[in-house]
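Asker: I'm passing along model_21.txt; it holds compact mmCIF, C-alpha atoms and all ligand atoms.
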```
# COMPACT_ATOMS: atom_id res chain seq x y z
CA MET A 1 10.67 16.05 1.50
CA ARG A 2 10.72 14.34 4.91
CA LYS A 3 6.97 13.86 4.72
CA ARG A 4 7.28 12.36 1.27
CA VAL A 5 9.93 9.91 2.39
CA LEU A 6 7.66 8.94 5.30
CA ALA A 7 4.73 8.45 2.94
CA ALA A 8 6.87 6.36 0.63
CA LEU A 9 8.02 4.19 3.50
CA LEU A 10 4.42 3.71 4.64
CA ALA A 11 3.39 2.79 1.11
CA LEU A 12 6.28 0.36 1.01
CA LEU A 13 5.17 -1.23 4.27
CA LEU A 14 1.62 -1.55 3.00
CA GLY A 15 2.74 -2.99 -0.27
CA VAL A 16 5.16 -5.55 0.97
CA ALA A 17 5.05 -6.08 4.71
CA ALA A 18 1.76 -7.95 4.84
CA ALA A 19 3.51 -10.89 3.32
CA GLY A 20 2.22 -13.52 5.73
CA ARG A 21 4.75 -16.14 6.68
CA PRO A 22 8.26 -15.17 5.71
CA ALA A 23 9.30 -17.86 3.27
CA HIS A 24 12.95 -18.06 2.35
CA ALA A 25 13.04 -15.07 0.07
CA GLU A 26 15.88 -12.62 0.39
CA LYS A 27 14.57 -9.08 0.28
CA THR A 28 16.51 -6.17 -1.18
CA SER A 29 15.11 -2.68 -1.18
CA GLY A 30 16.05 0.94 -1.59
CA VAL A 31 14.65 4.46 -1.70
CA GLY A 32 15.76 6.98 -4.33
CA TYR A 33 14.76 10.37 -5.61
CA TYR A 34 14.28 10.81 -9.34
CA PHE A 35 11.80 12.77 -11.47
CA ASP A 36 11.08 14.96 -8.43
CA THR A 37 9.58 11.93 -6.72
CA VAL A 38 10.44 9.42 -4.04
CA ILE A 39 10.92 6.00 -5.59
CA THR A 40 10.92 2.80 -3.55
CA LEU A 41 12.06 -0.46 -5.05
CA THR A 42 11.68 -3.84 -3.30
CA LEU A 43 12.91 -7.09 -4.76
CA TYR A 44 12.65 -10.70 -3.56
CA ASP A 45 15.34 -13.24 -4.41
CA ALA A 46 16.82 -10.87 -6.94
CA GLU A 47 19.83 -11.54 -9.10
CA PRO A 48 22.85 -9.67 -7.77
CA GLY A 49 23.09 -6.21 -9.27
CA LEU A 50 19.44 -5.94 -10.31
CA LEU A 51 18.69 -3.13 -7.86
CA ASP A 52 21.70 -1.15 -9.10
CA GLU A 53 20.58 -1.70 -12.68
CA LEU A 54 17.14 -0.33 -11.79
CA TRP A 55 18.64 2.82 -10.26
CA ALA A 56 20.88 3.29 -13.29
CA MET A 57 17.77 2.95 -15.47
CA CYS A 58 16.03 5.72 -13.48
CA LYS A 59 19.00 8.00 -13.94
CA GLY A 60 19.13 7.25 -17.66
CA TYR A 61 15.44 8.05 -18.16
CA GLU A 62 15.72 11.23 -16.13
CA GLU A 63 18.48 12.33 -18.49
CA LEU A 64 16.30 11.49 -21.49
CA LEU A 65 12.90 12.77 -20.39
CA SER A 66 13.30 15.55 -17.85
CA LYS A 67 12.32 19.00 -19.01
CA THR A 68 14.96 20.52 -16.74
CA VAL A 69 17.95 18.38 -17.78
CA GLU A 70 19.89 20.18 -20.48
CA GLY A 71 20.25 18.07 -23.60
CA SER A 72 17.41 15.65 -22.73
CA ASP A 73 15.08 14.79 -25.60
CA VAL A 74 12.37 16.94 -24.02
CA ASP A 75 14.75 19.85 -23.52
CA ARG A 76 15.87 19.67 -27.14
CA ILE A 77 12.28 19.51 -28.37
CA ASN A 78 11.37 22.52 -26.22
CA ARG A 79 14.29 24.61 -27.44
CA ALA A 80 14.06 23.75 -31.14
CA GLU A 81 11.98 26.78 -32.16
CA GLY A 82 9.92 24.87 -34.68
CA VAL A 83 12.77 22.84 -36.19
CA PRO A 84 12.39 19.00 -36.34
CA VAL A 85 14.37 17.19 -33.63
CA ALA A 86 15.50 13.56 -33.88
CA VAL A 87 14.49 11.75 -30.68
CA SER A 88 15.00 8.26 -29.26
CA ALA A 89 12.48 5.54 -30.08
CA GLU A 90 11.56 5.58 -26.38
CA THR A 91 10.64 9.25 -26.37
CA MET A 92 8.63 8.69 -29.54
CA GLU A 93 6.74 5.81 -27.92
CA ILE A 94 5.76 8.02 -24.98
CA LEU A 95 4.73 10.87 -27.28
CA ARG A 96 2.54 8.54 -29.34
CA THR A 97 0.78 7.25 -26.22
CA ALA A 98 0.37 10.81 -24.94
CA ARG A 99 -1.26 11.70 -28.26
CA ALA A 100 -3.59 8.70 -28.11
CA VAL A 101 -4.75 9.58 -24.58
CA HIS A 102 -5.04 13.25 -25.52
CA ASP A 103 -7.31 12.33 -28.40
CA ALA A 104 -9.33 9.75 -26.44
CA SER A 105 -9.90 12.20 -23.59
CA GLY A 106 -10.90 15.14 -25.77
CA GLY A 107 -7.73 16.98 -24.77
CA ALA A 108 -8.08 16.49 -20.98
CA PHE A 109 -4.57 15.03 -21.13
CA SER A 110 -2.26 17.56 -22.76
CA ILE A 111 1.53 17.52 -22.55
CA THR A 112 1.68 21.01 -24.11
CA LEU A 113 0.46 22.44 -20.79
CA ALA A 114 4.12 23.13 -19.92
CA PRO A 115 4.02 26.95 -20.37
CA VAL A 116 0.92 27.11 -18.15
CA ILE A 117 2.45 24.79 -15.54
CA ALA A 118 5.42 27.19 -15.39
CA LEU A 119 3.08 29.97 -14.22
CA TRP A 120 2.15 28.03 -11.08
CA ASP A 121 4.04 27.07 -7.95
CA PHE A 122 2.38 24.17 -6.17
CA THR A 123 5.25 23.18 -3.92
CA GLY A 124 7.50 26.18 -3.34
CA GLY A 125 5.29 27.83 -0.72
CA THR A 126 4.72 31.04 -2.70
CA ASN A 127 1.11 30.06 -3.58
CA ARG A 128 1.64 31.82 -6.88
CA MET A 129 -1.46 32.17 -9.08
CA PRO A 130 -1.16 33.16 -12.75
CA THR A 131 -2.85 36.42 -13.69
CA GLU A 132 -5.69 36.39 -16.21
CA GLN A 133 -3.39 38.04 -18.70
CA GLU A 134 -0.70 35.39 -18.24
CA LEU A 135 -3.28 32.67 -18.78
CA ALA A 136 -4.68 34.41 -21.85
CA GLU A 137 -1.17 34.60 -23.31
CA THR A 138 -0.17 31.00 -22.64
CA LEU A 139 -3.41 29.03 -23.17
CA PRO A 140 -3.18 29.32 -26.99
CA LEU A 141 0.13 27.41 -26.69
CA VAL A 142 -1.71 24.38 -25.25
CA ASP A 143 -2.59 22.19 -28.21
CA ASP A 144 -1.15 18.69 -28.46
CA SER A 145 -2.57 18.24 -31.96
CA ARG A 146 0.11 20.67 -33.21
CA ILE A 147 2.98 18.37 -32.18
CA VAL A 148 4.19 16.63 -35.34
CA LEU A 149 5.39 13.08 -34.69
CA GLY A 150 7.27 12.17 -37.84
CA ASP A 151 7.63 8.66 -39.24
CA ASP A 152 11.33 9.48 -39.56
CA GLY A 153 11.75 9.65 -35.77
CA THR A 154 11.63 13.42 -35.52
CA VAL A 155 9.39 15.62 -33.42
CA THR A 156 8.40 19.12 -34.48
CA LEU A 157 6.92 21.51 -31.96
CA PRO A 158 5.76 24.94 -33.11
CA ALA A 159 7.97 27.76 -31.77
CA GLY A 160 6.89 29.03 -28.37
CA MET A 161 5.21 25.78 -27.36
CA GLN A 162 6.68 23.49 -24.69
CA ILE A 163 6.01 19.93 -23.55
CA ASP A 164 6.05 18.35 -20.07
CA LEU A 165 5.88 14.58 -19.64
CA GLY A 166 5.17 14.76 -15.88
CA GLY A 167 1.80 13.06 -16.33
CA ILE A 168 3.09 10.02 -18.24
CA ALA A 169 6.88 9.51 -17.93
CA LYS A 170 6.87 7.79 -14.56
CA GLY A 171 4.46 5.24 -15.95
CA TYR A 172 6.78 4.51 -18.86
CA ILE A 173 9.72 4.08 -16.49
CA ALA A 174 7.67 1.79 -14.25
CA ASP A 175 6.95 -0.41 -17.29
CA LYS A 176 10.64 -0.51 -18.16
CA GLY A 177 11.56 -1.27 -14.54
CA ALA A 178 9.09 -4.16 -14.46
CA ALA A 179 10.49 -5.51 -17.74
CA LEU A 180 13.99 -5.37 -16.29
CA ALA A 181 12.97 -7.14 -13.08
CA ARG A 182 10.73 -9.81 -14.64
CA GLY A 183 12.36 -13.24 -14.54
CA ARG A 184 15.30 -11.96 -12.51
CA CYS A 185 13.61 -12.07 -9.09
CA THR A 186 10.67 -13.98 -7.63
CA GLY A 187 8.77 -10.81 -6.86
CA ALA A 188 9.10 -7.03 -6.98
CA VAL A 189 7.20 -3.96 -5.88
CA LEU A 190 8.35 -0.92 -7.81
CA ASN A 191 6.79 2.30 -6.58
CA PHE A 192 7.44 5.33 -8.73
CA GLY A 193 5.56 7.90 -6.67
CA GLY A 194 1.97 6.81 -7.25
CA ASN A 195 2.80 4.47 -10.11
CA VAL A 196 3.12 1.05 -8.51
CA TYR A 197 4.23 -1.94 -10.57
CA THR A 198 4.25 -5.39 -8.99
CA VAL A 199 6.04 -8.30 -10.61
CA GLY A 200 5.77 -12.00 -9.67
CA ARG A 201 4.58 -12.93 -6.21
CA LYS A 202 5.24 -12.39 -2.56
CA PRO A 203 7.50 -14.91 -0.82
CA ASP A 204 4.44 -16.82 0.45
CA GLY A 205 3.22 -17.25 -3.12
CA SER A 206 0.31 -14.82 -2.94
CA GLY A 207 -0.26 -11.60 -4.84
CA PHE A 208 0.72 -8.16 -3.58
CA ASN A 209 -1.56 -5.83 -1.66
CA VAL A 210 -1.55 -2.27 -2.94
CA GLY A 211 -3.10 0.46 -0.83
CA ILE A 212 -5.25 3.19 -2.40
CA ARG A 213 -4.86 6.40 -0.49
CA ASP A 214 -7.73 8.11 1.24
CA PRO A 215 -7.79 11.50 -0.56
CA GLN A 216 -9.25 13.08 2.58
CA GLY A 217 -6.88 11.35 4.96
CA PRO A 218 -3.31 12.11 5.96
CA GLU A 219 -0.35 11.16 3.79
CA GLY A 220 0.22 7.45 3.85
CA SER A 221 -3.37 6.60 4.82
CA SER A 222 -5.25 4.00 2.77
CA LYS A 223 -8.95 3.85 2.05
CA TYR A 224 -8.89 0.65 0.04
CA VAL A 225 -6.56 -2.23 -0.69
CA LEU A 226 -6.49 -4.27 -3.85
CA ARG A 227 -4.47 -7.25 -4.94
CA THR A 228 -2.24 -7.64 -7.99
CA GLN A 229 0.32 -10.11 -9.25
CA ASP A 230 1.97 -8.85 -12.40
CA GLY A 231 0.58 -5.46 -13.22
CA THR A 232 0.37 -1.81 -12.41
CA VAL A 233 -1.78 0.30 -10.12
CA VAL A 234 -1.56 4.01 -10.89
CA THR A 235 -3.24 6.72 -8.87
CA SER A 236 -3.46 10.43 -9.64
CA GLY A 237 -4.82 12.65 -6.91
CA ILE A 238 -5.48 16.25 -6.04
CA TYR A 239 -3.69 15.79 -2.70
CA GLU A 240 -0.22 15.37 -4.18
CA ARG A 241 1.01 18.92 -4.74
CA TYR A 242 -1.32 21.76 -3.89
CA PHE A 243 -1.99 24.93 -1.95
CA GLU A 244 -5.22 26.47 -0.72
CA LEU A 245 -6.41 30.05 -1.18
CA ASP A 246 -9.83 31.30 -0.02
CA SER A 247 -10.88 27.69 0.63
CA VAL A 248 -10.12 26.67 -2.97
CA ARG A 249 -7.58 23.92 -3.51
CA TYR A 250 -5.16 24.60 -6.35
CA HIS A 251 -3.43 21.33 -7.21
CA HIS A 252 -0.96 20.15 -9.83
CA ILE A 253 -3.40 18.60 -12.34
CA LEU A 254 -4.51 21.40 -14.64
CA ASP A 255 -7.55 21.60 -16.87
CA PRO A 256 -6.11 22.35 -20.33
CA LYS A 257 -9.25 24.36 -21.16
CA THR A 258 -8.77 26.86 -18.33
CA GLY A 259 -5.11 26.54 -17.32
CA VAL A 260 -6.33 26.27 -13.71
CA SER A 261 -6.32 23.19 -11.46
CA SER A 262 -9.10 20.79 -12.34
CA MET A 263 -12.21 21.71 -10.38
CA SER A 264 -13.94 18.44 -11.29
CA ASP A 265 -15.70 16.30 -8.68
CA LEU A 266 -12.83 13.79 -8.54
CA ALA A 267 -10.24 13.66 -5.77
CA SER A 268 -8.41 10.60 -7.09
CA ALA A 269 -8.39 8.23 -10.02
CA THR A 270 -6.78 4.79 -9.99
CA VAL A 271 -6.18 2.71 -13.11
CA VAL A 272 -5.20 -0.97 -12.91
CA CYS A 273 -3.77 -2.63 -16.02
CA GLY A 274 -0.60 -3.95 -17.65
CA SER A 275 0.76 -0.66 -19.00
CA SER A 276 1.80 1.86 -16.40
CA MET A 277 2.43 4.46 -19.11
CA LEU A 278 -1.14 4.23 -20.38
CA ALA A 279 -2.56 4.07 -16.86
CA ASP A 280 -0.56 7.14 -15.82
CA ALA A 281 -1.87 9.32 -18.63
CA VAL A 282 -5.42 8.03 -18.29
CA ALA A 283 -5.49 8.57 -14.50
CA THR A 284 -4.43 12.19 -14.99
CA ALA A 285 -7.07 12.66 -17.70
CA CYS A 286 -9.76 11.19 -15.42
CA ILE A 287 -9.13 13.86 -12.76
CA VAL A 288 -9.71 16.57 -15.38
CA LEU A 289 -12.78 14.90 -16.88
CA GLY A 290 -14.65 14.28 -13.63
CA CYS A 291 -16.39 11.13 -12.52
CA ARG A 292 -19.01 10.74 -15.23
CA ASP A 293 -16.78 11.34 -18.25
CA ALA A 294 -13.89 9.47 -16.63
CA LEU A 295 -16.04 6.34 -16.44
CA VAL A 296 -16.92 6.80 -20.12
CA LEU A 297 -13.20 7.12 -20.99
CA LEU A 298 -12.24 4.05 -18.93
CA ASN A 299 -14.97 2.00 -20.54
CA SER A 300 -14.06 3.14 -24.04
CA LEU A 301 -10.44 2.11 -23.46
CA GLU A 302 -11.53 -1.10 -21.67
CA LEU A 303 -9.51 -0.15 -18.62
CA ASP A 304 -10.25 -0.99 -14.99
CA GLY A 305 -10.57 2.04 -12.74
CA LEU A 306 -11.53 3.21 -9.27
CA LEU A 307 -12.61 6.82 -8.87
CA ILE A 308 -12.99 8.63 -5.56
CA THR A 309 -14.95 11.88 -5.55
CA ARG A 310 -14.24 14.91 -3.39
CA ASP A 311 -17.27 13.80 -1.33
CA GLY A 312 -15.56 10.49 -0.63
CA GLU A 313 -17.83 8.39 -2.86
CA ALA A 314 -16.14 5.58 -4.78
CA TYR A 315 -17.06 4.45 -8.31
CA VAL A 316 -15.60 1.45 -10.12
CA THR A 317 -15.70 0.06 -13.63
CA PRO A 318 -17.63 -3.25 -14.09
CA ASP A 319 -16.22 -6.29 -12.21
CA PHE A 320 -13.47 -4.22 -10.59
CA ILE A 321 -14.21 -5.33 -7.02
CA GLU A 322 -14.08 -9.07 -7.76
CA LYS A 323 -11.25 -8.87 -10.26
CA TRP A 324 -8.90 -6.93 -7.99
CA GLN A 325 -10.27 -8.18 -4.66
CA LEU A 326 -10.93 -4.61 -3.61
CA ARG A 327 -11.66 -4.11 0.07
CA SER A 328 -12.03 -1.15 2.40
CA VAL A 329 -9.53 -0.67 5.19
P1 LIG B 1 1.88 12.62 -10.26
O1 LIG B 1 3.02 13.22 -11.01
O2 LIG B 1 1.66 13.23 -8.93
O3 LIG B 1 1.89 11.13 -10.23
P2 LIG B 1 0.08 12.85 -12.50
O4 LIG B 1 0.50 11.61 -13.15
O5 LIG B 1 -1.37 13.09 -12.46
O6 LIG B 1 0.57 13.01 -11.03
O7 LIG B 1 0.79 14.02 -13.30
C1 LIG B 1 0.71 15.33 -12.92
C2 LIG B 1 1.77 16.09 -13.67
O8 LIG B 1 1.48 16.08 -15.06
C3 LIG B 1 1.83 17.54 -13.26
O9 LIG B 1 2.77 17.77 -12.24
C4 LIG B 1 2.22 18.22 -14.58
O10 LIG B 1 3.61 18.11 -14.79
C5 LIG B 1 1.53 17.37 -15.60
N1 LIG B 1 0.13 17.74 -15.89
C6 LIG B 1 -0.72 18.52 -15.16
N2 LIG B 1 -1.94 18.57 -15.71
C7 LIG B 1 -1.88 17.78 -16.82
C8 LIG B 1 -2.83 17.45 -17.83
N3 LIG B 1 -4.09 17.88 -17.82
N4 LIG B 1 -2.40 16.65 -18.85
C9 LIG B 1 -1.13 16.18 -18.89
N5 LIG B 1 -0.20 16.46 -17.97
C10 LIG B 1 -0.57 17.25 -16.95
MG MG B 2 -0.40 10.64 -14.70
```
Output the structure of this file as structure tokens.
Answerer:
Amino acid sequence: MRKRVLAALLALLLGVAAAGRPAHAEKTSGVGYYFDTVITLTLYDAEPGLLDELWAMCKGYEELLSKTVEGSDVDRINRAEGVPVAVSAETMEILRTARAVHDASGGAFSITLAPVIALWDFTGGTNRMPTEQELAETLPLVDDSRIVLGDDGTVTLPAGMQIDLGGIAKGYIADKGAALARGRCTGAVLNFGGNVYTVGRKPDGSGFNVGIRDPQGPEGSSKYVLRTQDGTVVTSGIYERYFELDSVRYHHILDPKTGVSSMSDLASATVVCGSSMLADAVATACIVLGCRDALVLLNSLELDGLLITRDGEAYVTPDFIEKWQLRSV
């Protein structure tokens, strides 16, 4: 936890401190912990109360989308035993995007991985690995195409299956945070643990610098920096939550085909666009797909991406470097 807070503070410094001359902007910022993640919010010349509203929004979405909060939409879907559940329009919007990315990625992104995720422990220090039998029993429950998203606002999940929005929810919340902040401050950097959304401009009128972590480097280190104004930069990486056994890294992004951490050649995937929700899901899918197929997916969705392989090689979609002023650090 301490390390994460440190990393978040470093990311915050990278994102906002290089602001050049300090114009007359009043800066408000805070660090919070929601969705199992450190969240750092920085606002320039914000309306009074905006920061509090953003924290209240985080709390509200945690209560709606967390698998572990009793009575959340996700909890109710998971406990319904095959009965249709009425959900909020917001949950439905996320589920529809999850389905679209699932389909576009050939199932690399699958929210029905939840029962398999429950077999692992990436952060608790137990280094628990599922047995082959456990995997054989739970893998048949991974199939997003069996989630029925009704036009009447209900969701039906076959009994025994479970969903987990960990690969997409933070992106949705980042989008909502940006929408809340837009027009009510001159600039904002909203960092939802790897999902960064910048709004407006820095006090000196320029865009924001966002650091892309070096997957091989220590927490908080950056390999590249890019520049955004109003938009999101989302990175998924195999360095986030993991343990190592017999020189194999088991990390928190699972391959839905095997139920085991993705063994693809990618160490991180960054997507830059206007929708943090879409970018979040696509970045996760890219890690599973591996460099070659990830580039195909990004191109098919017309999304800008930066992929870093386990060997430290970087690949970008066309025009990425110029468009986002990418530079090494
Ligand atoms: P982070 O949460 O670190 O930003 P991601 O956005 O890549 O990283 O999401 C990883 C989380 O998504 C995991 O902790 C798990 O809850 C869930 N997940 C793991 N593998 C997949 C997958 N293949 N498809 C969809 N969700 C996944
Ligand atoms: Mg994701």
Asker: Counting all atoms listed in the file, figure out which residue out of A:Asp280, A:Asp265, A:Glu302, A:Asp143 gets nearest to Thr112 in chain A.
Answerer: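 The answer is A:Asp143, which sits nearest to Thr112 in chain A.
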Asker: Around ligand MG 2 (chain B), at most 7 Å away and counting all atoms listed in the file, which residues are there? Put them as a VMD selection string, please.
Answerer: chain A and resid 167 to 168 236 280 to 284
Asker: If we count only C-alpha atoms and set the cut-off at 12 Å, which residues sit around Gly106 in chain A, ignoring sequence neighbours fewer than 4 positions away in its own chain? Please answer as an NGL selection string.
Answerer: :A and (99-102 or 110 or 143-145 or 255-257 or 282 or 285-286 or 288-289 or 293-294 or 296-297)
Asker: Residues within 9 Å of ligand LIG 1 (chain B), counting only C-alpha atoms and all ligand atoms: report them as an MDAnalysis selection string.
Answerer: chainID A and resid 35:37 98 102 107:114 117 122 164:171 192:195 234:241 251:257 259 261:262 269 279:285 287:288
Asker: So how far away is CA of Gly200 in chain A from CA of Asp230 in chain A, in Å?
Answerer: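 Going from CA of Asp230 in chain A over to CA of Gly200 in chain A, I get 5.6 Å.
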Asker: Do you have the CA of Asn78 in chain A-CA of Ala136 in chain A distance handy?
Answerer: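 For CA of Asn78 in chain A relative to CA of Ala136 in chain A, the distance reads 20.4 Å.
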Asker: Under the rule that only C-alpha atoms are counted, which of A:Val38, A:Leu278, A:Val248, A:Ala267 is the nearest residue to Thr97 in chain A?
Answerer: A:Leu278
Asker: So what do you get for CA of Ala188 in chain A versus CA of Asp45 in chain A, distance-wise?
Answerer: 9.2 Å
Asker: Between A:Ile77, A:Gln325, A:Gln216, A:Met277, which one has atoms that come closest to Gln229 in chain A, using all atoms listed in the file?
Answerer: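 The shortest atom-to-atom distance to Gln229 in chain A comes from A:Gln325.
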Asker: Could you check the closest approach to Pro130 in chain A for each of A:Leu64, A:Thr228, A:Val260, A:Leu245 and tell me which residue wins, using only C-alpha atoms?
Answerer: A:Val260
Asker: With distances taken over all atoms listed in the file, which residue among A:Gly312, A:Gly207, A:Pro158, A:Gly177 lies nearest Leu41 in chain A?
Answerer: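 Going through A:Gly312, A:Gly207, A:Pro158, A:Gly177 one by one, the smallest distance to Leu41 in chain A is for A:Gly177.
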Asker: Would you mind telling me which residue in A:Gly231, A:Pro84, A:Gly187, A:Gly60 lies nearest to Gly153 in chain A when using only C-alpha atoms?
Answerer: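 For Gly153 in chain A, the nearest of the given residues is A:Pro84.
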Asker: Could you pull the residues within 9 Å of range 318-321 of chain A, counting all atoms listed in the file, minus those fewer than 3 positions along the same chain, as a list of chain:residue names?
Answerer: A:Leu226, A:Asn299, A:Asp304, A:Gly305, A:Leu306, A:Trp324, A:Gln325, A:Leu326, A:Arg327
